[in-house]
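K.L.:
Below is the file coords.csv, which contains CSV, C-alpha atoms.
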```
chain,number,residue,atom,x,y,z
A,291,MET,CA,1.9,-23.5,-90.9
A,292,THR,CA,2.1,-22.5,-94.6
A,293,THR,CA,5.1,-20.6,-95.9
A,294,THR,CA,5.2,-18.6,-99.1
A,295,ILE,CA,8.5,-19.1,-100.9
A,296,PRO,CA,9.3,-16.7,-103.7
A,297,THR,CA,9.9,-18.6,-106.9
A,298,PRO,CA,13.1,-17.9,-108.9
A,299,ALA,CA,12.9,-15.2,-111.5
A,300,ALA,CA,12.5,-16.3,-115.2
A,301,VAL,CA,15.8,-16.6,-117.1
A,302,GLN,CA,16.1,-14.3,-120.0
A,303,HIS,CA,19.7,-14.6,-121.1
A,304,PRO,CA,22.4,-17.4,-121.6
A,305,ALA,CA,24.4,-18.4,-118.5
A,306,ASP,CA,27.4,-16.3,-117.7
A,307,TRP,CA,30.5,-18.5,-116.8
A,308,ARG,CA,30.9,-16.6,-113.5
A,309,ASP,CA,27.4,-17.8,-112.5
A,310,LEU,CA,28.5,-21.4,-113.3
A,311,VAL,CA,31.5,-20.9,-111.0
A,312,ALA,CA,29.3,-19.4,-108.3
A,313,LEU,CA,27.1,-22.6,-108.5
A,314,THR,CA,30.1,-24.6,-107.2
A,315,LYS,CA,30.2,-22.6,-103.9
A,316,PRO,CA,33.9,-21.6,-104.3
A,317,ARG,CA,34.3,-20.5,-100.6
A,318,VAL,CA,33.1,-23.8,-99.3
A,319,MET,CA,35.3,-25.6,-101.9
A,320,SER,CA,38.4,-23.8,-100.7
A,321,LEU,CA,38.0,-25.6,-97.3
A,322,VAL,CA,37.3,-28.9,-99.1
A,323,ILE,CA,40.4,-28.5,-101.4
A,324,PHE,CA,42.6,-27.6,-98.4
A,325,THR,CA,41.5,-30.6,-96.2
A,326,GLY,CA,41.9,-32.9,-99.2
A,327,LEU,CA,45.3,-31.6,-99.9
A,328,CYS,CA,46.3,-32.0,-96.3
A,329,GLY,CA,45.1,-35.6,-96.3
A,330,LEU,CA,47.2,-36.2,-99.4
A,331,LEU,CA,50.3,-34.4,-98.0
A,332,ALA,CA,50.1,-36.0,-94.5
A,333,ALA,CA,50.0,-39.5,-96.0
A,334,PRO,CA,53.2,-41.5,-95.3
A,335,GLU,CA,53.6,-42.3,-99.0
A,336,SER,CA,54.5,-39.6,-101.6
A,337,ILE,CA,52.6,-39.2,-104.8
A,338,ASN,CA,53.7,-37.9,-108.2
A,339,PRO,CA,53.0,-34.1,-108.3
A,340,VAL,CA,50.9,-34.4,-111.5
A,341,LEU,CA,48.8,-37.2,-110.0
A,342,GLY,CA,48.6,-35.3,-106.7
A,343,PHE,CA,47.3,-32.2,-108.6
A,344,THR,CA,44.8,-34.4,-110.5
A,345,ALA,CA,43.5,-36.0,-107.3
A,346,ILE,CA,42.9,-32.5,-105.7
A,347,LEU,CA,41.3,-31.3,-109.0
A,348,CYS,CA,39.0,-34.3,-108.9
A,349,ILE,CA,38.1,-33.6,-105.3
A,350,ALA,CA,37.4,-29.9,-106.2
A,351,MET,CA,35.3,-30.9,-109.2
A,352,GLY,CA,33.3,-33.5,-107.2
A,353,ALA,CA,32.7,-30.9,-104.4
A,354,GLY,CA,31.7,-28.3,-107.0
A,355,GLY,CA,29.4,-30.7,-108.8
A,356,ALA,CA,27.7,-31.7,-105.5
A,357,ALA,CA,27.3,-28.1,-104.5
A,358,ALA,CA,25.7,-27.3,-107.9
A,359,LEU,CA,23.3,-30.2,-107.5
A,360,ASN,CA,22.5,-28.9,-104.0
A,361,GLN,CA,21.7,-25.4,-105.5
A,362,TRP,CA,19.7,-26.9,-108.3
A,363,TRP,CA,17.5,-28.9,-105.9
A,364,GLU,CA,17.1,-26.0,-103.4
A,365,ALA,CA,16.6,-23.1,-105.8
A,366,ASP,CA,13.1,-22.4,-104.5
A,367,LEU,CA,14.3,-22.5,-100.8
A,368,ASP,CA,17.3,-20.3,-101.6
A,369,ALA,CA,15.0,-17.7,-103.1
A,370,GLY,CA,13.2,-17.4,-99.7
A,371,MET,CA,16.4,-16.9,-97.6
A,372,LYS,CA,18.2,-13.6,-97.3
A,373,ARG,CA,21.6,-15.4,-97.1
A,374,THR,CA,21.1,-17.4,-100.3
A,375,ALA,CA,18.7,-15.2,-102.3
A,376,GLN,CA,21.5,-13.6,-104.3
A,377,ARG,CA,22.6,-17.0,-105.8
A,378,PRO,CA,22.4,-17.4,-109.6
A,379,LEU,CA,19.4,-19.7,-109.7
A,380,PRO,CA,17.1,-17.7,-107.3
A,381,GLN,CA,18.2,-14.5,-109.1
A,382,GLY,CA,17.2,-16.0,-112.4
A,383,ARG,CA,20.7,-15.5,-113.9
A,384,LEU,CA,20.8,-19.2,-114.8
A,385,ASP,CA,18.2,-21.8,-115.8
A,386,ARG,CA,17.8,-24.9,-113.8
A,387,THR,CA,18.5,-27.3,-116.7
A,388,THR,CA,21.8,-25.7,-117.3
A,389,ALA,CA,22.7,-26.0,-113.6
A,390,ARG,CA,21.7,-29.7,-113.4
A,391,ASP,CA,23.6,-30.6,-116.6
A,392,PHE,CA,26.7,-28.6,-115.4
A,393,ALA,CA,26.5,-30.4,-112.0
A,394,GLY,CA,26.1,-33.8,-113.6
A,395,VAL,CA,29.1,-33.3,-116.0
A,396,LEU,CA,31.3,-32.1,-113.1
A,397,CYS,CA,30.4,-35.1,-110.8
A,398,ALA,CA,30.8,-37.7,-113.5
A,399,ALA,CA,34.0,-36.2,-114.8
A,400,SER,CA,35.5,-36.0,-111.3
A,401,VAL,CA,34.8,-39.7,-110.5
A,402,PHE,CA,36.0,-41.1,-113.9
A,403,LEU,CA,39.1,-39.0,-113.9
A,404,MET,CA,39.9,-40.0,-110.3
A,405,GLY,CA,39.4,-43.7,-111.3
A,406,PHE,CA,41.4,-43.7,-114.4
A,407,ALA,CA,44.3,-41.4,-113.2
A,408,ILE,CA,44.6,-42.2,-109.5
A,409,SER,CA,42.7,-45.2,-108.1
A,410,TRP,CA,39.2,-46.7,-108.2
A,411,LEU,CA,39.1,-46.9,-104.4
A,412,ALA,CA,39.6,-43.1,-104.2
A,413,ALA,CA,37.0,-42.7,-107.1
A,414,ALA,CA,34.5,-44.9,-105.2
A,415,ILE,CA,34.9,-42.8,-102.0
A,416,LEU,CA,34.5,-39.6,-104.1
A,417,ALA,CA,31.3,-41.0,-105.7
A,418,ILE,CA,30.0,-41.9,-102.2
A,419,SER,CA,30.7,-38.4,-100.9
A,420,ILE,CA,28.9,-36.8,-103.8
A,421,VAL,CA,25.8,-39.0,-103.4
A,422,TYR,CA,26.0,-38.5,-99.6
A,423,TYR,CA,25.9,-34.7,-100.0
A,424,ALA,CA,23.6,-34.3,-103.0
A,425,VAL,CA,21.1,-37.1,-102.1
A,426,VAL,CA,21.4,-38.2,-98.5
A,427,TYR,CA,21.9,-34.7,-97.1
A,428,THR,CA,20.2,-32.3,-99.5
A,429,ILE,CA,17.2,-34.3,-100.6
A,430,TRP,CA,16.6,-36.7,-97.8
A,431,LEU,CA,17.9,-35.4,-94.4
A,432,LYS,CA,17.9,-31.6,-94.7
A,433,PRO,CA,14.1,-31.1,-95.0
A,434,ARG,CA,13.2,-34.0,-92.6
A,435,THR,CA,15.3,-33.9,-89.4
A,436,PRO,CA,17.1,-31.4,-87.1
A,437,GLN,CA,19.9,-34.0,-87.1
A,438,ASN,CA,20.5,-33.1,-90.8
A,439,ILE,CA,23.8,-31.4,-90.1
A,440,VAL,CA,25.1,-34.1,-87.8
A,441,ILE,CA,24.6,-37.0,-90.3
A,442,GLY,CA,25.1,-34.8,-93.3
A,443,GLY,CA,28.4,-33.5,-91.9
A,444,GLY,CA,29.9,-36.8,-93.1
A,445,ALA,CA,29.8,-35.4,-96.7
A,446,GLY,CA,32.3,-32.6,-95.8
A,447,ALA,CA,34.5,-35.1,-93.9
A,448,PHE,CA,35.4,-37.2,-96.9
A,449,PRO,CA,38.1,-35.0,-98.6
A,450,PRO,CA,41.1,-35.8,-96.3
A,451,LEU,CA,40.1,-39.5,-96.6
A,452,ILE,CA,40.1,-39.3,-100.4
A,453,GLY,CA,43.4,-37.4,-100.4
A,454,TRP,CA,45.0,-40.0,-98.2
A,455,VAL,CA,43.6,-42.9,-100.3
A,456,ALA,CA,44.8,-41.2,-103.5
A,457,ALA,CA,48.4,-41.1,-102.0
A,458,THR,CA,48.5,-44.5,-100.4
A,459,GLY,CA,45.9,-46.6,-102.2
A,460,HIS,CA,44.4,-47.9,-99.0
A,461,ILE,CA,42.3,-46.8,-95.9
A,462,SER,CA,44.0,-46.9,-92.5
A,463,ALA,CA,43.3,-45.5,-89.0
A,464,MET,CA,44.7,-41.9,-89.5
A,465,PRO,CA,42.3,-40.9,-92.4
A,466,VAL,CA,39.4,-42.3,-90.5
A,467,VAL,CA,40.3,-40.2,-87.5
A,468,LEU,CA,40.6,-37.1,-89.8
A,469,PHE,CA,37.1,-38.0,-91.1
A,470,ALA,CA,35.9,-38.2,-87.5
A,471,ILE,CA,37.4,-34.8,-86.6
A,472,ILE,CA,35.5,-33.0,-89.4
A,473,PHE,CA,32.4,-35.0,-88.7
A,474,ILE,CA,32.4,-33.8,-85.0
A,475,TRP,CA,33.5,-30.3,-85.9
A,476,THR,CA,30.5,-29.8,-88.3
A,477,PRO,CA,27.6,-29.5,-85.9
A,478,PRO,CA,29.1,-26.7,-83.7
A,479,HIS,CA,30.3,-25.0,-86.9
A,480,PHE,CA,26.8,-25.0,-88.6
A,481,TRP,CA,24.7,-24.5,-85.5
A,482,ALA,CA,26.7,-21.4,-84.5
A,483,LEU,CA,25.6,-20.1,-88.0
A,484,ALA,CA,22.1,-21.4,-87.6
A,485,LEU,CA,21.7,-19.6,-84.3
A,486,PHE,CA,22.1,-16.2,-86.0
A,487,VAL,CA,20.2,-17.0,-89.2
A,488,LYS,CA,17.5,-19.2,-87.7
A,489,THR,CA,14.6,-16.9,-88.8
A,490,ASP,CA,15.8,-17.5,-92.4
A,491,TYR,CA,15.6,-21.3,-91.9
A,492,ALA,CA,12.2,-21.1,-90.1
A,493,LYS,CA,10.8,-19.0,-93.0
A,494,VAL,CA,11.5,-21.7,-95.6
A,495,GLY,CA,10.6,-24.6,-93.3
A,496,ILE,CA,14.0,-26.2,-92.9
A,497,PRO,CA,14.1,-28.0,-89.6
A,498,MET,CA,17.5,-26.8,-88.3
A,499,MET,CA,18.2,-27.5,-84.7
A,500,PRO,CA,17.5,-24.0,-83.3
A,501,VAL,CA,14.2,-23.9,-85.1
A,502,VAL,CA,13.0,-27.4,-83.9
A,503,ALA,CA,14.7,-28.1,-80.6
A,504,GLY,CA,15.1,-24.5,-79.6
A,505,GLU,CA,18.0,-22.2,-78.8
A,506,ARG,CA,18.8,-23.6,-75.4
A,507,SER,CA,19.1,-27.2,-76.6
A,508,THR,CA,21.2,-26.2,-79.6
A,509,ARG,CA,23.6,-24.2,-77.4
A,510,ARG,CA,24.1,-27.3,-75.1
A,511,GLN,CA,24.7,-29.5,-78.1
A,512,ILE,CA,27.3,-27.1,-79.5
A,513,LEU,CA,29.0,-27.3,-76.1
A,514,GLY,CA,28.8,-31.2,-76.1
A,515,TYR,CA,30.3,-31.6,-79.5
A,516,SER,CA,33.1,-29.1,-78.7
A,517,ILE,CA,34.0,-31.1,-75.6
A,518,VAL,CA,34.3,-34.3,-77.7
A,519,LEU,CA,36.3,-32.4,-80.3
A,520,LEU,CA,39.1,-31.6,-77.8
A,521,PRO,CA,40.4,-35.2,-77.2
A,522,LEU,CA,39.4,-36.3,-80.8
A,523,SER,CA,41.5,-33.6,-82.4
A,524,ALA,CA,44.6,-34.8,-80.4
A,525,LEU,CA,44.0,-38.4,-81.3
A,526,PRO,CA,46.3,-38.4,-84.4
A,527,TRP,CA,49.1,-37.7,-81.9
A,528,TRP,CA,48.3,-40.8,-79.9
A,529,LEU,CA,47.6,-43.2,-82.7
A,530,PRO,CA,49.7,-46.5,-82.5
A,531,GLY,CA,52.0,-47.4,-85.3
A,532,ASP,CA,54.2,-45.2,-87.5
A,533,GLU,CA,51.3,-43.2,-89.0
A,534,HIS,CA,50.8,-41.0,-85.9
A,535,ALA,CA,51.4,-37.3,-85.9
A,536,GLY,CA,54.1,-35.7,-83.8
A,537,ALA,CA,54.2,-33.3,-80.9
A,538,VAL,CA,54.0,-30.2,-83.1
A,539,TYR,CA,50.5,-31.3,-84.3
A,540,GLY,CA,49.5,-32.5,-80.8
A,541,VAL,CA,50.3,-29.2,-79.1
A,542,CYS,CA,48.7,-27.2,-81.9
A,543,ALA,CA,45.6,-29.4,-81.7
A,544,LEU,CA,45.2,-29.0,-78.0
A,545,VAL,CA,45.7,-25.2,-78.1
A,546,LEU,CA,43.3,-24.7,-81.0
A,547,SER,CA,40.7,-27.0,-79.5
A,548,THR,CA,40.9,-25.4,-76.1
A,549,VAL,CA,40.2,-22.0,-77.7
A,550,PHE,CA,37.4,-23.6,-79.7
A,551,LEU,CA,35.9,-25.0,-76.4
A,552,ALA,CA,36.3,-21.6,-74.6
A,553,LEU,CA,34.3,-19.9,-77.4
A,554,ALA,CA,31.7,-22.8,-77.4
A,555,VAL,CA,31.4,-22.4,-73.6
A,556,ARG,CA,30.5,-18.7,-74.1
A,557,VAL,CA,27.9,-19.7,-76.7
A,558,GLY,CA,26.6,-22.7,-74.7
A,559,LEU,CA,26.0,-20.9,-71.4
A,560,ARG,CA,24.3,-17.7,-72.6
A,561,ARG,CA,20.8,-16.9,-73.6
A,562,GLN,CA,19.7,-14.7,-76.5
A,563,THR,CA,18.4,-11.3,-75.4
A,564,PRO,CA,16.2,-8.9,-77.4
A,565,GLU,CA,18.2,-6.9,-79.9
A,566,ASP,CA,21.1,-9.4,-79.4
A,567,THR,CA,24.0,-8.9,-81.9
A,568,MET,CA,24.9,-12.6,-81.5
A,569,LYS,CA,28.6,-11.7,-81.3
A,570,PRO,CA,29.7,-14.9,-79.5
A,571,GLU,CA,28.0,-17.1,-82.1
A,572,LYS,CA,29.5,-15.1,-84.9
A,573,GLN,CA,32.9,-15.4,-83.3
A,574,LEU,CA,32.6,-19.1,-82.8
A,575,PHE,CA,31.5,-19.6,-86.5
A,576,ALA,CA,34.4,-17.5,-87.8
A,577,TYR,CA,36.9,-19.2,-85.5
A,578,SER,CA,35.6,-22.7,-86.5
A,579,VAL,CA,36.6,-22.1,-90.1
A,580,LEU,CA,40.1,-20.8,-89.0
A,581,TYR,CA,40.3,-23.8,-86.6
A,582,LEU,CA,39.9,-26.4,-89.3
A,583,PHE,CA,42.4,-24.6,-91.6
A,584,ALA,CA,45.0,-24.3,-88.8
A,585,LEU,CA,44.5,-27.9,-87.5
A,586,PHE,CA,45.1,-29.5,-90.9
A,587,ALA,CA,48.0,-27.1,-91.6
A,588,ALA,CA,49.6,-28.2,-88.4
A,589,LEU,CA,49.2,-31.9,-89.4
A,590,VAL,CA,51.0,-31.2,-92.7
A,591,ALA,CA,53.7,-29.0,-91.0
A,592,ASP,CA,54.3,-31.8,-88.5
A,593,ARG,CA,54.7,-34.4,-91.2
A,594,PHE,CA,57.3,-32.2,-93.0
A,595,ILE,CA,59.2,-31.4,-89.8
A,596,ALA,CA,59.4,-35.1,-89.1
A,597,LEU,CA,61.0,-35.8,-92.6
B,154,MET,CA,29.3,-7.7,-100.9
B,155,PRO,CA,30.3,-8.9,-104.4
B,156,GLU,CA,31.1,-6.2,-106.9
B,157,PRO,CA,28.2,-5.4,-109.3
B,158,ARG,CA,28.9,-6.7,-112.7
B,159,LYS,CA,29.1,-4.5,-115.8
B,160,PRO,CA,26.1,-5.2,-118.1
B,161,GLN,CA,27.1,-7.4,-121.0
B,162,THR,CA,25.4,-8.1,-124.4
B,163,LEU,CA,24.3,-11.6,-125.2
B,164,GLU,CA,27.1,-11.8,-127.7
B,165,GLN,CA,29.7,-10.9,-125.0
B,166,ILE,CA,28.3,-13.4,-122.5
B,167,ARG,CA,28.4,-16.2,-125.2
B,168,ARG,CA,31.9,-15.2,-126.4
B,169,ASN,CA,33.3,-15.2,-122.8
B,170,ARG,CA,31.6,-18.5,-122.0
B,171,ASN,CA,33.0,-20.2,-125.1
B,172,ARG,CA,36.5,-18.8,-124.3
B,173,VAL,CA,36.4,-20.3,-120.8
B,174,LEU,CA,35.1,-23.6,-122.2
B,175,GLY,CA,37.8,-23.7,-124.8
B,176,LEU,CA,40.5,-22.9,-122.2
B,177,SER,CA,39.1,-25.6,-119.9
B,178,LEU,CA,39.2,-28.2,-122.6
B,179,ALA,CA,42.7,-27.3,-123.6
B,180,ALA,CA,43.8,-27.5,-120.0
B,181,PHE,CA,42.2,-30.9,-119.7
B,182,VAL,CA,44.0,-32.2,-122.8
B,183,ILE,CA,47.3,-31.0,-121.4
B,184,LEU,CA,46.5,-32.6,-118.0
B,185,VAL,CA,45.7,-36.0,-119.7
B,186,PHE,CA,49.0,-35.8,-121.5
B,187,PHE,CA,51.0,-35.2,-118.3
B,188,ILE,CA,48.9,-37.9,-116.4
B,189,SER,CA,49.9,-40.4,-119.2
B,190,ILE,CA,53.6,-39.4,-118.8
B,191,ALA,CA,53.3,-39.7,-114.9
B,192,LYS,CA,51.6,-43.1,-115.2
B,193,MET,CA,54.2,-44.5,-117.5
B,194,GLY,CA,56.9,-43.4,-115.0
```
Could you spell out this file's structure in structure tokens?

P.N.:
Amino acid sequence: MTTTIPTPAAVQHPADWRDLVALTKPRVMSLVIFTGLCGLLAAPESINPVLGFTAILCIAMGAGGAAALNQWWEADLDAGMKRTAQRPLPQGRLDRTTARDFAGVLCAASVFLMGFAISWLAAAILAISIVYYAVVYTIWLKPRTPQNIVIGGGAGAFPPLIGWVAATGHISAMPVVLFAIIFIWTPPHFWALALFVKTDYAKVGIPMMPVVAGERSTRRQILGYSIVLLPLSALPWWLPGDEHAGAVYGVCALVLSTVFLALAVRVGLRRQTPEDTMKPEKQLFAYSVLYLFALFAALVADRFIAL
Amino acid sequence: MPEPRKPQTLEQIRRNRNRVLGLSLAAFVILVFFISIAKMG
């Protein structure tokens, strides 16, 4: 099958700073900053507020740089999808060289600042997360396999790990569990979205799960990951040692994950009808964002209540 | 839907971008100063 992808319009004016900001995907970044901050605050050791702020700034800059690299690489694909066609590069409001250079400076600055100001272990994990998102996910996996979101989900799971390492200087069981929670949360979150924008992905030839494996298989997999997420989200409560979360987190995690599972069951057991508004899928997608915010907020609240 | 932007002249775009760049660099210098103080403590 051949697809015709509109090419981005020619750039006729210098880059507006707001377009450079848009290149960093600020809405996605807000979730990255939040989970990174929660990883930092939930750690058993406190960090100087200036250094804590610097660590979060580095995570934000790294995430923004990786997002800009993603948009630079996918400018042609973005031009062909309704959801992304309004971005600065497909709209021709920004030239690709400026986008690439801006992304490169952000990524390099974030890693070096993290290394010099916080720790080189945190800087190394930040560098791995940038390469994971920009190269492993964007360039390698996304155009090749319907499992792109599953493996690529690791990129979005790094922030709490980086935040924790920035505060403590080492990796332990808790940040690895936090990484695993986001890793398992990502497929149902993205596939709920992919179910209602699948025509967009099909048009540009991205092998998202609903396009390749079909709607029924995607719905079952959403349900499968949501079932795994329920006990996994409560795992910080049951961790051995003095790092574990308390009952406040445990109860919140069980309630939030049960609601997540209930919404996933609705999505998992239904079939799309002609003229379907895809309300359950849209509700699951919206709730999944709220879920992650609430789960990590509960973790931090639990830590502060225990103090 | 994002609000439509007011049309700007090339000069306005350049001036605004330079202003943001200047403020970012100033903020970075201040941040490095405070990081140095924090690291010494």

K.L.:
Extract, using all atoms listed in the file, all DNA, RNA and protein residues at most 12 Å from Phe187 (chain B), discarding same-chain residues fewer than 6 positions from it, and format them as a list of chain:residue names.

P.N.:
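Result of the neighbour search: A:Asn338, A:Pro339, A:Val340, A:Leu341, A:Gly342, A:Phe343, A:Thr344, A:Ala407, B:Ala180, B:Phe181, B:Met193, B:Gly194.
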
K.L.:
Could you write those residues out with C-alpha atoms, as a tab-separated table (two decimals), in the coordinates of the input?

P.N.:
```tsv
chain	number	residue	atom	x	y	z
A	338	ASN	CA	53.70	-37.90	-108.20
A	339	PRO	CA	53.00	-34.10	-108.30
A	340	VAL	CA	50.90	-34.40	-111.50
A	341	LEU	CA	48.80	-37.20	-110.00
A	342	GLY	CA	48.60	-35.30	-106.70
A	343	PHE	CA	47.30	-32.20	-108.60
A	344	THR	CA	44.80	-34.40	-110.50
A	407	ALA	CA	44.30	-41.40	-113.20
B	180	ALA	CA	43.80	-27.50	-120.00
B	181	PHE	CA	42.20	-30.90	-119.70
B	193	MET	CA	54.20	-44.50	-117.50
B	194	GLY	CA	56.90	-43.40	-115.00
```

K.L.:
Would you give me, as an MDAnalysis selection string, the residues of chain A that come within 12 Å of chain B, using only C-alpha atoms?

P.N.:
chainID A and resid 302:312 337:345 347:348 373 376:377 383 392 399:400 403:404 406:409

K.L.:
Tell me, in Å to one decimal, how far CA of Pro450 (chain A) is from CA of Ala412 (chain A).

P.N.:
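Atom-to-atom, CA of Pro450 (chain A) to CA of Ala412 (chain A), that is 10.9 Å.
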
K.L.:
Of the candidates A:Leu411, A:Ala357, A:Ala484, A:Val518, which one gets nearest to Gly504 (chain A) if we count all atoms listed in the file?

P.N.:
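Of A:Leu411, A:Ala357, A:Ala484, A:Val518, the one nearest Gly504 (chain A), counting all atoms listed in the file, is A:Ala484.
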
K.L.:
When you draw a straight line from CA of Gly558 (chain A) to CA of Leu513 (chain A), how long is it in Å?

P.N.:
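CA of Leu513 (chain A) lies at a distance of 5.4 Å from CA of Gly558 (chain A).
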
K.L.:
Given the point (44.8, -28.8, -102.4) in the coordinates of this file, which residues lie within 8 Å, counting only C-alpha atoms, and how would they look as a list in words?

P.N.:
Ile323, Phe324, Thr325, Gly326, Leu327, Cys328, Phe343, Ile346 and Leu347 of chain A

K.L.:
At what distance in Å, to one decimal, does CA of Pro500 (chain A) lie from CA of Thr314 (chain A)?

P.N.:
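Interatomic distance here is 27.0 Å.
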
K.L.:
List the spatial neighbours of region 583-587 of chain A as a PDB file with C-alpha atoms, in the frame of the given file - criterion: any atom at most 12 Å away, only C-alpha atoms, same-chain residues fewer than 5 positions off excluded.

P.N.:
```
ATOM      1  CA  SER A 320      38.400 -23.800-100.700  1.00  0.00           C
ATOM      2  CA  LEU A 321      38.000 -25.600 -97.300  1.00  0.00           C
ATOM      3  CA  VAL A 322      37.300 -28.900 -99.100  1.00  0.00           C
ATOM      4  CA  ILE A 323      40.400 -28.500-101.400  1.00  0.00           C
ATOM      5  CA  PHE A 324      42.600 -27.600 -98.400  1.00  0.00           C
ATOM      6  CA  THR A 325      41.500 -30.600 -96.200  1.00  0.00           C
ATOM      7  CA  GLY A 326      41.900 -32.900 -99.200  1.00  0.00           C
ATOM      8  CA  LEU A 327      45.300 -31.600 -99.900  1.00  0.00           C
ATOM      9  CA  CYS A 328      46.300 -32.000 -96.300  1.00  0.00           C
ATOM     10  CA  GLY A 329      45.100 -35.600 -96.300  1.00  0.00           C
ATOM     11  CA  LEU A 330      47.200 -36.200 -99.400  1.00  0.00           C
ATOM     12  CA  LEU A 331      50.300 -34.400 -98.000  1.00  0.00           C
ATOM     13  CA  ALA A 332      50.100 -36.000 -94.500  1.00  0.00           C
ATOM     14  CA  PRO A 449      38.100 -35.000 -98.600  1.00  0.00           C
ATOM     15  CA  PRO A 450      41.100 -35.800 -96.300  1.00  0.00           C
ATOM     16  CA  PRO A 465      42.300 -40.900 -92.400  1.00  0.00           C
ATOM     17  CA  LEU A 468      40.600 -37.100 -89.800  1.00  0.00           C
ATOM     18  CA  PHE A 469      37.100 -38.000 -91.100  1.00  0.00           C
ATOM     19  CA  ILE A 471      37.400 -34.800 -86.600  1.00  0.00           C
ATOM     20  CA  ILE A 472      35.500 -33.000 -89.400  1.00  0.00           C
ATOM     21  CA  TRP A 475      33.500 -30.300 -85.900  1.00  0.00           C
ATOM     22  CA  LEU A 519      36.300 -32.400 -80.300  1.00  0.00           C
ATOM     23  CA  LEU A 520      39.100 -31.600 -77.800  1.00  0.00           C
ATOM     24  CA  LEU A 522      39.400 -36.300 -80.800  1.00  0.00           C
ATOM     25  CA  SER A 523      41.500 -33.600 -82.400  1.00  0.00           C
ATOM     26  CA  ALA A 524      44.600 -34.800 -80.400  1.00  0.00           C
ATOM     27  CA  PRO A 526      46.300 -38.400 -84.400  1.00  0.00           C
ATOM     28  CA  ALA A 535      51.400 -37.300 -85.900  1.00  0.00           C
ATOM     29  CA  VAL A 538      54.000 -30.200 -83.100  1.00  0.00           C
ATOM     30  CA  TYR A 539      50.500 -31.300 -84.300  1.00  0.00           C
ATOM     31  CA  GLY A 540      49.500 -32.500 -80.800  1.00  0.00           C
ATOM     32  CA  VAL A 541      50.300 -29.200 -79.100  1.00  0.00           C
ATOM     33  CA  CYS A 542      48.700 -27.200 -81.900  1.00  0.00           C
ATOM     34  CA  ALA A 543      45.600 -29.400 -81.700  1.00  0.00           C
ATOM     35  CA  LEU A 544      45.200 -29.000 -78.000  1.00  0.00           C
ATOM     36  CA  VAL A 545      45.700 -25.200 -78.100  1.00  0.00           C
ATOM     37  CA  LEU A 546      43.300 -24.700 -81.000  1.00  0.00           C
ATOM     38  CA  SER A 547      40.700 -27.000 -79.500  1.00  0.00           C
ATOM     39  CA  PHE A 550      37.400 -23.600 -79.700  1.00  0.00           C
ATOM     40  CA  ALA A 576      34.400 -17.500 -87.800  1.00  0.00           C
ATOM     41  CA  TYR A 577      36.900 -19.200 -85.500  1.00  0.00           C
ATOM     42  CA  SER A 578      35.600 -22.700 -86.500  1.00  0.00           C
ATOM     43  CA  ASP A 592      54.300 -31.800 -88.500  1.00  0.00           C
ATOM     44  CA  ARG A 593      54.700 -34.400 -91.200  1.00  0.00           C
ATOM     45  CA  PHE A 594      57.300 -32.200 -93.000  1.00  0.00           C
TER      46      PHE A 594
END
```

K.L.:
Give me the residues within 10 Å of Trp410 (chain A) as number ranges by chain, counting all atoms listed in the file and dropping any in the same chain fewer than 6 places off.

P.N.:
A: 401-404, 416, 455-456, 459

K.L.:
Would you mind telling me which residue in A:Ala417, A:Met351, A:Ile496, A:Ala588 lies nearest to Ile439 (chain A) when using all atoms listed in the file?

P.N.:
A:Ile496

K.L.:
Determine the nearest neighbour of Gly382 (chain A) from the options A:Val590, A:Ala365, A:Cys397, A:Val421, counting only C-alpha atoms.

P.N.:
A:Ala365

K.L.:
Given only C-alpha atoms as the basis, pick out the residue of A:Gly354, A:Gly495, A:Pro380, A:Gly444 nearest to Val318 (chain A).

P.N.:
A:Gly354

K.L.:
Please rebuild region 168-175 of chain B with N, CA and C atoms and return the result as a compact mmCIF listing (two decimals), in the coordinates of the input.

P.N.:
```txt
# COMPACT_ATOMS: atom_id res chain seq x y z
N ARG B 168 30.45 -15.20 -125.96
CA ARG B 168 31.90 -15.20 -126.40
C ARG B 168 32.75 -15.58 -125.14
N ASN B 169 32.48 -14.94 -124.01
CA ASN B 169 33.30 -15.20 -122.80
C ASN B 169 33.11 -16.65 -122.34
N ARG B 170 31.87 -17.15 -122.42
CA ARG B 170 31.60 -18.50 -122.00
C ARG B 170 32.35 -19.52 -122.88
N ASN B 171 32.31 -19.27 -124.18
CA ASN B 171 33.00 -20.20 -125.10
C ASN B 171 34.51 -20.12 -124.90
N ARG B 172 35.02 -18.93 -124.57
CA ARG B 172 36.50 -18.80 -124.30
C ARG B 172 36.86 -19.61 -123.09
N VAL B 173 36.07 -19.52 -122.03
CA VAL B 173 36.40 -20.30 -120.80
C VAL B 173 36.26 -21.78 -121.07
N LEU B 174 35.24 -22.18 -121.83
CA LEU B 174 35.10 -23.60 -122.20
C LEU B 174 36.27 -24.10 -122.98
N GLY B 175 36.69 -23.31 -123.96
CA GLY B 175 37.80 -23.70 -124.80
C GLY B 175 39.11 -23.83 -123.97
```
